[in-house]
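Enquirer: For reference, the structure I am asking about is given below.
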Amino acid sequence: MSDTPAPFAFVEAGADAACRGALDRADRLRDDPDAIKALWPRARVVLLDEKGNAYADDDGNLRAPLGDEISEGPGGVGAAVFLGLDAQGGGWFALEGALTAFDAPNRVDLRRAAALWPAFDASVFAQARALQHWRSRHRFCGVCGGEVALSRAGWQGKCTKCGTEHYPRTDPAVIVAVSDGTRLLLGRQATWPARRYSVIAGFVEPGESLEQTVAREVLEEAGVRVRRCRYQASQPWPFPGSLMIGFAAEADADDPQVGDELEDARWFTAEEVRRARTRGEWGSTQDDGEGPVLSPSISISRWLIEQWLAEQTSERPGG
């Protein structure tokens, strides 16, 4: 496992690595119960509590026991979700900790893991947490109300009454660094920590392209008209089940006008963004308590800001 920081959480750094997941999800094995059972004894099992926190060791690192170590309780390979195979061919599973007799000294939430754990561990935890959330909220069929039985190693639900099939879902959302050529548009929600600003984001609506969502969301949230946009990168965001699709956009220099979703939106110069960056994240020792601070480094939102700033100042992100 690499300790090299990723550009944002749940995605490894580097153009090549960004196209690879932490695990080979091995869809080919999901319909092969014998192969799944054969992996279980030496597989690593991510255990989650009822709040979605992962079991961790004394130092707060991931504690994923072997299948063989989970010897008591109603849990086991039949109750677990098969997450995939690591680079060595070892299996990884996720399971509700309450179904086992196994315990660990600590519990770690996903945001903390995203900030502190190696990219591999945080990514596997994110996958496990997103599937736990889906399973806990889709126990009954949305068509007829019948009970849903799980199959395909935990990746498919089928109504026991009407036969409708159900699958884990991900909600697409755009997140966009909007510029008028020299300034960056940043907004803040009232529920955020004081003085935190970030780029504009919003969910894709039915019948929309991603580019149309960018233009609509920026206009709705900040009253600014987007002329064109280009795709940058994406980030899984399992809080609880979204995919953030990052864009850079060019817009008219309209005066921002906020509605119900944002408390404030403003244009910031490169120098203002640079000063905000030097304050670190909200509450850090570098924060002087005086001006805006930027979104956390675990999010693609901060990466988009850094990309824009690099273009404006000929800097390189992280340089």
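Ligands are numbered from 1 in the order shown, chains are lettered A, B, ... in the order of the structure tokens, and residues start at 1 in each chain.
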Using only C-alpha atoms, what does the table of segment 187-210 of chain A residues within 7 Å of segment 164-176 of chain A look like, with each row giving the shortest atom pair and its distance in Å to one decimal, sorted by chain and ascending number, as JSON lines?

Expert:
```
{"residue": "A:Val199", "atom": "CA", "partner": "A:Val176", "partner_atom": "CA", "distance": 6.0}
{"residue": "A:Ile200", "atom": "CA", "partner": "A:Val176", "partner_atom": "CA", "distance": 5.5}
{"residue": "A:Ala201", "atom": "CA", "partner": "A:Ile175", "partner_atom": "CA", "distance": 4.1}
{"residue": "A:Gly202", "atom": "CA", "partner": "A:Ala173", "partner_atom": "CA", "distance": 5.4}
{"residue": "A:Phe203", "atom": "CA", "partner": "A:Ala173", "partner_atom": "CA", "distance": 4.0}
{"residue": "A:Val204", "atom": "CA", "partner": "A:Ala173", "partner_atom": "CA", "distance": 5.4}
{"residue": "A:Leu210", "atom": "CA", "partner": "A:Val174", "partner_atom": "CA", "distance": 6.9}
```

Enquirer: Mind listing the helix (DSSP H, G or I) residues of segment 74-311 of chain A, per DSSP on the backbone, as a PyMOL selection string?

Expert: chain A and resi 97-99+110-116+119-137+152-154+210-222+270-278+300-311

Enquirer: Gly246 of chain A: which residues within 8 Å, counting only C-alpha atoms, same-chain residues fewer than 4 positions away excluded, as an MDAnalysis selection string?

Expert: chainID A and resid 174:176 231:235 300:301 304

Enquirer: Neighbouring residues of Ala114 of chain A were defined as those with any atom within 9 Å, considering only C-alpha atoms; residues of the same chain fewer than 2 positions away were excluded. Please report them as a list in words.

Expert: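 In the requested format, the answer is Phe8, Ala9, Phe10, Asp109, Leu110, Arg111, Arg112, Leu116, Trp117, Pro118, Ala119, Asp121, Ala122, Ser123, Ala126 and Ile298 of chain A.
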
Enquirer: Within 9 Å of Arg63 of chain A, counting only C-alpha atoms, which residues qualify if same-chain residues fewer than 6 places away don't, as a list of chain:residue names?

Expert: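 Residues near the query, excluding close chain neighbours: A:Val45, A:Val46, A:Leu47, A:Ala54, A:Tyr55, A:Ala56, A:Asp57, A:Ala104, A:Asn106.
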
Enquirer: Please identify the strand (DSSP E or B) residues within segment 158-242 of chain A (assignment by DSSP from backbone atoms) and present them as a PyMOL selection string.

Expert: chain A and resi 158-159+165-166+171-179+183-188+196-198+200-203+226-237+242

Enquirer: Of the residues A:Gly280, A:Gly52, A:Gly187, A:Gly291, which is the one nearest to Arg107 of chain A, using only C-alpha atoms?

Expert: A:Gly52

Enquirer: In Å, rounded to a single decimal, give me how far atom CA of Glu263 of chain A is from atom CA of Val293 of chain A.

Expert: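 Separation between atom CA of Val293 of chain A and atom CA of Glu263 of chain A: 15.2 Å.
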